[in-house]
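Worksheet: the structure to be examined is printed underneath.
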Amino acid sequence: MFGYITPCKMELKIKDYEKIKAYYCGLCRNIKYDFGNLPRITLNYDTTFLAIFLDAFSKDEEKYIKKNCILHPVKKRVFLIDNEPLKYASTLNIILAYHKVLDDVTDDNTLKSKIFSSILKPYLNKIPNNFQNTEENIVEKLDKLYYLEKNKNINSLDELSHPFGELTAYTIMAYLNNKEYEDALYHLGYNLGKWIYIIDAFDDLEKDLKRNEFNGIDLILNKDNMPYDDFVVSIENRLNFILTSYARECSIALESLPIVKNKDILFNIFNFGLLEKMNKVFETKRRKTNEKSL
């Protein structure tokens, strides 16, 4: 459920592309110094986006350094440093990664997920005290989501994706705490969370059906138990409409917010990046289906 919020590189200015990389590398560096080297493997673009979005409201001057890293020992990289949104994002990265793996243990009970969860668990002890309430709220919303998934007494994707929409909205609002723009922030985070949940479910649809694992799209839309190849074709237009609607709501909410910086990056993500990611997922499904029919 991670790594879907990315910019459309073809529509980015070079300076904005380099800035995104500086946030990404800065987040990796923050995870290293706040938690340790090993948790850096959980780094993803969704929490990088979170840092970029939250920092867009800050008037603080950005600080950068240029140095080598363990993954790129030859060419120096630019790192954003001393940045509070990055510190917040690094903590959320650990919390969400751990609870995602914990859910994998419950779902498939594989040795890999068990080992990974046991590796990550000690790092939760490094979460600062002022973030404890944040973790508790995230866990509460994930529990609601997992309850719906296991209970299966649900009638719509809107109902099923609601807890993750609330989780995403909460992670944004908990940091910004802006009463004046509270509704717009909630609206953006809520719709983005629902978009992430549904595109992740669609991306995993074939895998979940093969493993006989839960998938909300299959449960709610596949009432006739259609085989995967027929089912995925039948729901493409419907899912495209749902996901595009959520992306559009995010873009509308963004326009009403008092963005100080990173506006071009955020505009790119919500107007091009989300749609590009959707197209890639849909195109992969089409190609695989066509190959099977040949």
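The way I read the labels, and the way they are meant: chains A, B, ... in the order of the structure tokens, residue 1 as the first residue of every chain, and ligand 1 as the first ligand shown, with later ones counted on from there.
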Can you list, as a short mmCIF file (atom, residue, chain, number, x, y, z; two decimals) with N, CA, C and O atoms, in the first residue's frame, every protein, DNA or RNA residue that comes within 9 Å of Leu266 in chain A when you count only C-alpha atoms, leaving out same-chain residues fewer than 6 positions away?
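What landed in result-v7.cif:
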```cif
data_model
loop_
_atom_site.label_atom_id
_atom_site.label_comp_id
_atom_site.auth_asym_id
_atom_site.auth_seq_id
_atom_site.Cartn_x
_atom_site.Cartn_y
_atom_site.Cartn_z
N PRO A 7 5.45 11.83 -8.89
CA PRO A 7 5.22 12.86 -9.90
C PRO A 7 5.32 12.28 -11.30
O PRO A 7 5.82 11.16 -11.49
N PHE A 49 6.30 12.17 -0.38
CA PHE A 49 5.25 13.13 -0.75
C PHE A 49 4.74 13.86 0.48
O PHE A 49 4.52 15.07 0.46
N ILE A 52 7.01 16.60 1.44
CA ILE A 52 6.93 17.69 0.45
C ILE A 52 5.65 18.51 0.68
O ILE A 52 5.68 19.75 0.65
N PHE A 53 4.55 17.81 0.92
CA PHE A 53 3.27 18.50 1.11
C PHE A 53 3.27 19.32 2.39
O PHE A 53 2.88 20.50 2.40
N ALA A 56 5.29 22.43 2.32
CA ALA A 56 4.77 23.47 1.44
C ALA A 56 4.11 24.61 2.20
O ALA A 56 3.92 25.70 1.67
N SER A 251 -7.07 17.58 -6.24
CA SER A 251 -6.59 18.75 -6.98
C SER A 251 -7.40 20.00 -6.64
O SER A 251 -6.84 21.09 -6.45
N LEU A 254 -6.39 21.19 -3.18
CA LEU A 254 -5.07 21.81 -3.20
C LEU A 254 -5.14 23.29 -3.59
O LEU A 254 -4.44 24.13 -3.01
#
```
Excluding range 119-123 of chain A and residues on its chain fewer than 6 positions from it, collect all residues at most 8 Å away from it, counting only C-alpha atoms, and give them as number ranges by chain. A: 35, 39, 94, 98
Report as a Markdown table the residues of range 151-182 of chain A within 12 Å of range 211-218 of chain A, each with its shortest atom pair and distance in Å (one decimal), using only C-alpha atoms, ordered by chain and increasing residue number.
```
| residue | atom | partner | partner_atom | distance |
| --- | --- | --- | --- | --- |
| A:Asn151 | CA | A:Phe214 | CA | 10.8 |
| A:Lys152 | CA | A:Gly216 | CA | 8.6 |
| A:Asn153 | CA | A:Gly216 | CA | 11.0 |
| A:Ile154 | CA | A:Gly216 | CA | 9.1 |
| A:Asn155 | CA | A:Gly216 | CA | 10.0 |
| A:Ser156 | CA | A:Gly216 | CA | 8.8 |
| A:Leu157 | CA | A:Gly216 | CA | 7.0 |
| A:Asp158 | CA | A:Gly216 | CA | 10.4 |
| A:Glu159 | CA | A:Gly216 | CA | 10.3 |
| A:Leu160 | CA | A:Gly216 | CA | 7.3 |
| A:Ser161 | CA | A:Gly216 | CA | 8.9 |
```
May I ask for the distance between CA of Ile198 in chain A and CA of Glu166 in chain A, given in Å to one decimal place? 14.0 Å
Interatomic distance (Å, one decimal) between CA of Val78 in chain A and CA of Cys25 in chain A: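 For CA of Val78 in chain A relative to CA of Cys25 in chain A, the distance reads 7.2 Å.
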May I ask which of the residues A:Leu243, A:Leu43, A:Ala174, A:Ile81 is the closest one to Lys66 in chain A, counting only C-alpha atoms?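 Counting only C-alpha atoms, the residue closest to Lys66 in chain A is A:Ile81.
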Need to verify the contact set: Asp143 in chain A, 12 Å, only C-alpha atoms, exclusion of same-chain residues closer than 3 positions in sequence. Can you return it as an NGL selection string? :A and (99-100 or 102-103 or 136-140 or 146-151 or 163-164 or 167)
For Lys261 in chain A, which residue out of A:Lys21, A:Lys280, A:Lys59, A:Lys126 is the nearest one, using only C-alpha atoms?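 Closest to Lys261 in chain A, using only C-alpha atoms: A:Lys59.
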